[in-house]
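Asks: The structure that follows is given in the form of structure tokens.
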Amino acid sequence: MNLFNLDHVYFCTGARNQEILDFFNHDKLSFEIDERIASFKALGQTKVSNKPIAVCTTSGTAVSECLSAMLEAYYSHLPLLLITGDRPKRMHGKGCPQTIDHEKITVGARQSYIEIGLEELGKLDLSSLKYPAHINVLIEKKNEIAKNHTKNYESSWGGFADFIKENPSPLILISHENTSMKNFTEKMKSYGLPIYAEILSQAHTLSSLRFEKDLIKAFRTGEIKSVIRFGHTPLTKFWRLLEETPLPQFSFDERGLLGLSHGTVFPMGSNELMAQVEFWKILKDCRPFSIRATKEDEIESLIVKYPHSDQAKIAKLRPYIEEDSFVYLGNSLVIRFFEQLNTTEKNRFFGSRGVNGIDGQISTAIGLANATNKQVYCILGDLTTIYDLSAIRDIPENLKLIIINNSGGRIFQTLKLNEKIILEHDHHLEHISNAFNISYARNNYNMLKHVKILELFTNPAETMKFLEEWEQ
Ligand SMILES: Cc1ncc(C[n+]2csc(CCOP(=O)(O)OP(=O)(O)O)c2C)c(N)n1
């Protein structure tokens, strides 16, 4: 029995596991949003079929969401099969984007575990496994195989001094920590190096490069020759490009994680660095340079041209977000577009970028709101909202949920992946809000003051055109 013969596969959408899609019989496959639900559906089906039924997930918390169903299957002796898409071994244990230890998650909830590549997956005999079983598939993507090697430096002040001596004009990439990196960024500015500070650093407005596209352009034209990163694993695509095209790279990360499969990391956060005389002294040997930055008003004309795009709808929120409030941003397109369009000095920004899950996002924002008297805005994509729907029964007074409803997981469209995994739909949240007795408005920004849920409907075609013209 091979993968194609499975009675059913509950396929939970994700970029990594979409590579497994072709191994399954699509007549016996359903696309799913929520891994916890999908794995319980598979469990339910095993109760009658008595044959292996599979749930297939992408990497990260998508896997841990299946643990409960796996445990039930283990103690009920049912043939549940968990198939997880993972990154190659060299990226494990390093804090690479959405990479966690899948093997450990199902310990105690499985009879067998195997780790294989895509080539072996096709030949796998499922009858050779004991159930419940977990197959972790290590998926190599071409754009993650390093084309060249760069030097590793010692993780010490001596190593950092060597790095600066050999790479005196690095780009400064500031991602995020759990506290603001504003003062640190301010101090870094005096060294005359180009800085890209991401939205969750709280210092994006201090960046000499406000737009990610300038970073990527400068990388492609060879203007960026080396990088110093401060903070946790970055959000920007630029960072992921370094996996394939490594540049000399030195990271300061309080977690001690590389965030890539290669490079050097010094386990220290920005607050501690502020007081390290040695660090600032070494930086004095840097040679200032600059990168051409796109003018901020260039994006405004596209907002006018494509008023129904995600970007325009997000930009239009500007005057409606109260000063001194907290803004919690969902992990898909929302956080990227918000960084591009709406970063201000007047708000504090939050997200969950540890492993980038789309699960538990409303709940996390509720917890955040419970811990403050400030107004909190939680801005999420539609699938991310649907994932955590039952949390809306309990939205605190100081929390507003803003849903960017682009009728699916549009990040997959921007990545040009299999369109089936977008999970296109025409659902809206109005009736479900009514059912939970939560005030709701659609498309009316002025109502944000009065309701707990504001749903903004966007036009995916306009979003794509906006993106294409912007990135030209
Ligand atoms: C728990 C979990 N499952 C799956 C994924 C893979 N994933 C990343 S983004 C995304 C779709 C998000 O869709 P939506 O919230 O509508 O945002 P959009 O892409 O439209 O901005 C999915 C399924 C994930 N990150 N976390």
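Scheme for the structure tokens: letters A, B, ... for chains in order shown; per-chain residue numbers from 1; ligand numbers from 1 in order shown.
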Can you tell me, as JSON, numbers by chain, what residues are no more than 7 Å from A:Glu144 when counting only C-alpha atoms, ignoring any on the same chain fewer than 3 positions away?
Replies: {"A": [141, 243, 244]}
Asks: Could you list, as JSON, numbers by chain, every residue within 10 Å of stretch 211-228 of chain A, counting only C-alpha atoms and ignoring same-chain residues fewer than 2 positions away?
Replies: {"A": [160, 163, 164, 166, 167, 168, 169, 170, 171, 172, 173, 174, 194, 195, 196, 197, 198, 204, 207, 208, 209, 230, 236, 237, 238, 239, 241, 242, 245, 246, 247, 248, 249, 250, 251, 252, 264, 265, 289, 290, 291, 292, 293, 294, 295, 296, 299, 336, 339, 340, 341, 470, 471, 472]}
Asks: Using N, CA and C atoms, can you write the selected residues to a file as a compact mmCIF listing (two decimals), in the first residue's frame?
Replies:
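Now in again_33.txt:
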# COMPACT_ATOMS: atom_id res chain seq x y z
N PHE A 160 34.01 39.17 15.94
CA PHE A 160 33.24 40.30 15.38
C PHE A 160 34.20 41.34 14.79
N PHE A 163 35.26 40.12 11.52
CA PHE A 163 34.16 40.27 10.56
C PHE A 163 34.14 41.71 10.02
N ILE A 164 34.23 42.68 10.91
CA ILE A 164 34.16 44.09 10.48
C ILE A 164 35.41 44.46 9.65
N GLU A 166 37.02 42.52 7.68
CA GLU A 166 36.87 41.96 6.33
C GLU A 166 35.62 42.45 5.60
N ASN A 167 34.64 42.93 6.38
CA ASN A 167 33.38 43.39 5.79
C ASN A 167 33.00 44.74 6.42
N PRO A 168 33.72 45.79 6.06
CA PRO A 168 33.54 47.07 6.76
C PRO A 168 32.24 47.81 6.42
N SER A 169 31.53 47.36 5.37
CA SER A 169 30.30 48.07 5.00
C SER A 169 29.11 47.12 4.99
N PRO A 170 28.67 46.65 6.15
CA PRO A 170 27.54 45.72 6.18
C PRO A 170 26.19 46.44 6.18
N LEU A 171 25.18 45.73 5.73
CA LEU A 171 23.80 46.20 5.93
C LEU A 171 23.43 45.87 7.37
N ILE A 172 22.65 46.75 8.01
CA ILE A 172 22.18 46.46 9.36
C ILE A 172 20.72 46.03 9.28
N LEU A 173 20.45 44.79 9.69
CA LEU A 173 19.08 44.27 9.67
C LEU A 173 18.62 44.08 11.11
N ILE A 174 17.56 44.81 11.47
CA ILE A 174 17.07 44.74 12.86
C ILE A 174 15.68 44.12 12.83
N PRO A 194 23.46 51.50 6.02
CA PRO A 194 22.04 51.38 5.73
C PRO A 194 21.35 50.46 6.75
N ILE A 195 20.18 50.89 7.19
CA ILE A 195 19.47 50.12 8.22
C ILE A 195 18.08 49.75 7.72
N TYR A 196 17.75 48.47 7.87
CA TYR A 196 16.36 48.06 7.68
C TYR A 196 15.87 47.49 9.00
N ALA A 197 14.99 48.23 9.66
CA ALA A 197 14.44 47.77 10.95
C ALA A 197 13.00 47.33 10.69
N GLU A 198 12.67 46.11 11.06
CA GLU A 198 11.33 45.57 10.79
C GLU A 198 10.30 46.16 11.75
N HIS A 204 10.87 50.75 12.85
CA HIS A 204 10.84 50.78 11.38
C HIS A 204 10.95 52.20 10.84
N SER A 207 14.38 53.47 10.02
CA SER A 207 15.15 52.80 8.97
C SER A 207 15.57 53.79 7.88
N SER A 208 16.78 53.60 7.34
CA SER A 208 17.11 54.42 6.18
C SER A 208 16.42 53.82 4.95
N LEU A 209 16.12 52.52 5.01
CA LEU A 209 15.35 51.87 3.95
C LEU A 209 13.99 51.54 4.52
N PHE A 230 20.40 41.94 14.06
CA PHE A 230 20.13 42.07 15.49
C PHE A 230 18.69 41.61 15.74
N THR A 236 11.56 39.49 6.87
CA THR A 236 11.76 39.85 5.46
C THR A 236 12.24 38.70 4.57
N LYS A 237 11.74 38.75 3.35
CA LYS A 237 12.13 37.77 2.33
C LYS A 237 13.64 37.86 2.06
N PHE A 238 14.19 39.04 2.24
CA PHE A 238 15.63 39.23 2.03
C PHE A 238 16.42 38.21 2.84
N TRP A 239 15.99 38.00 4.08
CA TRP A 239 16.70 37.06 4.96
C TRP A 239 16.66 35.65 4.38
N LEU A 241 16.42 34.86 1.30
CA LEU A 241 17.25 34.78 0.10
C LEU A 241 18.70 34.44 0.45
N LEU A 242 19.09 34.78 1.65
CA LEU A 242 20.48 34.50 2.07
C LEU A 242 20.74 33.00 2.23
N THR A 245 21.83 32.33 -1.38
CA THR A 245 22.97 33.16 -1.78
C THR A 245 23.59 33.77 -0.53
N PRO A 246 24.39 32.99 0.17
CA PRO A 246 24.91 33.48 1.44
C PRO A 246 25.84 34.68 1.26
N LEU A 247 25.69 35.62 2.18
CA LEU A 247 26.64 36.74 2.27
C LEU A 247 27.33 36.58 3.62
N PRO A 248 28.53 37.14 3.78
CA PRO A 248 29.12 37.12 5.13
C PRO A 248 28.11 37.72 6.10
N GLN A 249 27.87 37.00 7.18
CA GLN A 249 26.77 37.39 8.05
C GLN A 249 27.12 37.16 9.51
N PHE A 250 26.86 38.15 10.33
CA PHE A 250 27.11 38.04 11.77
C PHE A 250 25.82 38.42 12.47
N SER A 251 25.31 37.55 13.34
CA SER A 251 24.05 37.83 14.02
C SER A 251 24.25 38.03 15.51
N PHE A 252 23.48 38.95 16.07
CA PHE A 252 23.38 39.08 17.53
C PHE A 252 21.95 38.74 17.90
N THR A 264 27.24 33.19 11.54
CA THR A 264 27.79 33.24 12.90
C THR A 264 26.79 33.94 13.81
N VAL A 265 26.63 33.40 15.01
CA VAL A 265 25.72 34.06 15.96
C VAL A 265 26.41 34.29 17.29
N PHE A 289 28.13 53.70 3.96
CA PHE A 289 27.68 53.71 2.57
C PHE A 289 26.16 53.81 2.57
N SER A 290 25.59 54.02 1.40
CA SER A 290 24.12 54.13 1.38
C SER A 290 23.54 53.35 0.20
N ILE A 291 22.26 53.08 0.33
CA ILE A 291 21.51 52.36 -0.72
C ILE A 291 20.36 53.27 -1.12
N ARG A 292 20.06 53.32 -2.40
CA ARG A 292 18.98 54.19 -2.86
C ARG A 292 17.64 53.74 -2.25
N ALA A 293 16.95 54.70 -1.65
CA ALA A 293 15.67 54.36 -1.04
C ALA A 293 14.53 54.95 -1.85
N THR A 294 13.51 54.12 -2.13
CA THR A 294 12.32 54.60 -2.84
C THR A 294 11.62 55.66 -1.99
N LYS A 295 11.14 56.70 -2.67
CA LYS A 295 10.44 57.76 -1.92
C LYS A 295 9.09 57.25 -1.43
N GLU A 296 8.71 57.72 -0.25
CA GLU A 296 7.50 57.18 0.37
C GLU A 296 6.24 57.47 -0.44
N ILE A 299 4.45 54.93 -3.21
CA ILE A 299 3.45 53.88 -2.92
C ILE A 299 2.02 54.47 -2.88
N ARG A 336 3.16 42.02 6.60
CA ARG A 336 4.04 42.54 5.54
C ARG A 336 3.51 43.86 4.99
N GLU A 339 3.72 46.69 7.61
CA GLU A 339 5.08 47.24 7.72
C GLU A 339 5.34 48.24 6.59
N GLN A 340 4.88 47.89 5.41
CA GLN A 340 5.09 48.71 4.23
C GLN A 340 4.33 50.03 4.30
N LEU A 341 3.15 49.97 4.90
CA LEU A 341 2.23 51.10 4.73
C LEU A 341 1.86 51.87 5.99
N TRP A 470 4.49 47.46 -7.90
CA TRP A 470 5.37 47.96 -6.83
C TRP A 470 6.74 47.31 -6.90
N GLU A 471 6.76 46.04 -7.21
CA GLU A 471 8.04 45.33 -7.16
C GLU A 471 8.83 45.40 -8.47
N GLN A 472 8.25 46.02 -9.48
CA GLN A 472 8.91 46.11 -10.80
C GLN A 472 10.31 46.71 -10.71
Asks: I need the residue nearest ligand 1 from this list: A:Phe23, A:Phe412, A:Tyr153, A:Tyr306. Use only C-alpha atoms and all ligand atoms for the distance.
Replies: A:Phe412
Asks: Could you state the separation of atom CA of A:Thr46 and atom CA of A:Tyr10 in Å, given to one decimal place?
Replies: 12.2 Å
Asks: To test your reading of the structure, identify every residue in stretch 22-166 of chain A that backbone DSSP assigns to strand (DSSP E or B), and report it as a list in words.
Replies: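 Restricting stretch 22-166 of chain A to strand (DSSP E or B) produces Leu29, Ser30, Phe31, Glu32, Ile53, Ala54, Val55, Cys56, Thr57, Leu80, Leu81, Leu82, Ile83, Thr84, Gly85, Asp86, Ser112, Tyr113, Ile114, Glu115, Ile116, Gly117, Ala133, His134, Ile135, Asn136, Val137 and Leu138 of chain A.
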Asks: Using only C-alpha atoms, which of the listed residues (A:Asn2, A:Asn444, A:Thr205, A:Gln276) sits closest to A:Glu120?
Replies: A:Asn2
Asks: Which of these, A:Phe31, A:Tyr320, A:Tyr445, A:Trp280, has the shortest distance to ligand 1 once you count only C-alpha atoms and all ligand atoms?
Replies: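 Nearest to ligand 1: A:Phe31.
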Asks: Hey, could you make a per-residue contact list for chain A against ligand 1 with 6 Å as the cut-off, showing the nearest pair of atoms and its distance in Å to one decimal, counting only C-alpha atoms and all ligand atoms, sorted by chain and number, as CSV?
Replies:
residue,atom,partner,partner_atom_place_in_ligand_line,distance
A:Thr13,CA,ligand 1,23 (C),5.0
A:Gly14,CA,ligand 1,6 (C),4.1
A:Thr61,CA,ligand 1,1 (C),5.0
A:Ala62,CA,ligand 1,1 (C),3.9
A:Ser332,CA,ligand 1,21 (O),4.3
A:Leu333,CA,ligand 1,21 (O),3.7
A:Val334,CA,ligand 1,21 (O),5.5
A:Asn356,CA,ligand 1,25 (N),5.3
A:Gly357,CA,ligand 1,26 (N),3.5
A:Ile358,CA,ligand 1,26 (N),4.0
A:Asp359,CA,ligand 1,1 (C),4.6
A:Gly381,CA,ligand 1,15 (O),3.4
A:Asp382,CA,ligand 1,16 (O),4.0
A:Leu383,CA,ligand 1,16 (O),3.8
A:Thr384,CA,ligand 1,15 (O),3.6
A:Asn406,CA,ligand 1,20 (O),5.7
A:Gly408,CA,ligand 1,16 (O),4.7
A:Gly409,CA,ligand 1,13 (O),3.3
A:Arg410,CA,ligand 1,20 (O),3.8
A:Ile411,CA,ligand 1,19 (O),3.7
Asks: Applying 6 Å and only C-alpha atoms, which residues near A:Gly192 remain after dropping the ones on its own chain fewer than 2 positions away? List them as a PyMOL selection string.
Replies: chain A and resi 189-190+288
Asks: For those residues, write N, CA and C atoms to a file as a compact mmCIF listing (two decimals), in the first residue's frame.
Replies:
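Once written, again.txt looks like this:
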# COMPACT_ATOMS: atom_id res chain seq x y z
N LYS A 189 22.34 54.28 14.06
CA LYS A 189 22.25 55.21 12.93
C LYS A 189 23.49 56.07 12.77
N SER A 190 24.16 56.33 13.88
CA SER A 190 25.29 57.26 13.83
C SER A 190 26.50 56.65 13.08
N PRO A 288 31.00 53.88 6.14
CA PRO A 288 29.62 54.21 5.79
C PRO A 288 29.34 54.06 4.30
Asks: Would you mind listing, for every residue of stretch 96-141 of chain A within 9 Å of stretch 18-21 of chain A, the two atoms forming the shortest contact and the distance between them in Å to one decimal, using only C-alpha atoms, sorted by chain and ascending residue number, as a Markdown table?
Replies:
| residue | atom | partner | partner_atom | distance |
| --- | --- | --- | --- | --- |
| A:Leu118 | CA | A:Ile20 | CA | 7.5 |
| A:Leu121 | CA | A:Ile20 | CA | 8.8 |
| A:Val137 | CA | A:Ile20 | CA | 8.5 |
| A:Ile139 | CA | A:Glu19 | CA | 7.7 |
Asks: Those selected residues, please, written with C-alpha atoms and delivered as a compact mmCIF listing (two decimals), in the first residue's frame.
Replies:
# COMPACT_ATOMS: atom_id res chain seq x y z
CA LEU A 118 10.56 13.11 -1.30
CA LEU A 121 8.22 8.88 -0.05
CA VAL A 137 9.29 14.43 4.98
CA ILE A 139 11.87 18.65 1.62
Asks: Could you work out how far atom CA of A:Arg36 lies from atom CA of A:Leu71, giving the answer in Å with one decimal?
Replies: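 Interatomic distance, atom CA of A:Leu71 to atom CA of A:Arg36: 12.0 Å.
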Asks: Based on DSSP run over this structure's backbone, return all residues of stretch 142-309 of chain A in alpha helix (DSSP H), as number ranges by chain.
Replies: A: 157-166, 182-189, 212-220, 237-244, 270-274, 277-283, 297-305
Asks: Residues near A:Asp253, anyone? I mean within 8 Å using only C-alpha atoms, not counting same-chain ones fewer than 2 positions away, as a list in words.
Replies: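 Answer for this query is Arg229, Phe230, Gly231, His232, Ser251, Arg255, Gly256, Leu257, Leu258, Val265, Phe266, Pro267, Met268 and Gly269 of chain A.
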Asks: Measuring atom to atom with only C-alpha atoms, identify which of A:Ala435, A:Cys378, A:Asn418, A:His308 is nearest to A:Phe338.
Replies: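 The answer is A:Cys378, which sits nearest to A:Phe338.
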Asks: Contacts of stretch 323-325 of chain A at 8 Å or less, counting only C-alpha atoms, minus same-chain residues fewer than 6 places along, as a count of residues only?
Replies: 7
Asks: Mind giving me the straight-line distance from atom CA of A:Ile422 to atom CA of A:Lys452 in Å, one decimal?
Replies: 27.0 Å
Asks: Would you please work out which residue, of A:Phe349, A:Ile321, A:Gly330, A:Tyr191, is nearest to A:His176 when using only C-alpha atoms?
Replies: A:Phe349
Asks: Skip stretch 177-184 of chain A itself and residues of its chain fewer than 5 positions away, then list as an MDAnalysis selection string all residues within 8 Å of it, counting only C-alpha atoms.
Replies: chainID A and resid 200:203 206 231:232 269:271 274
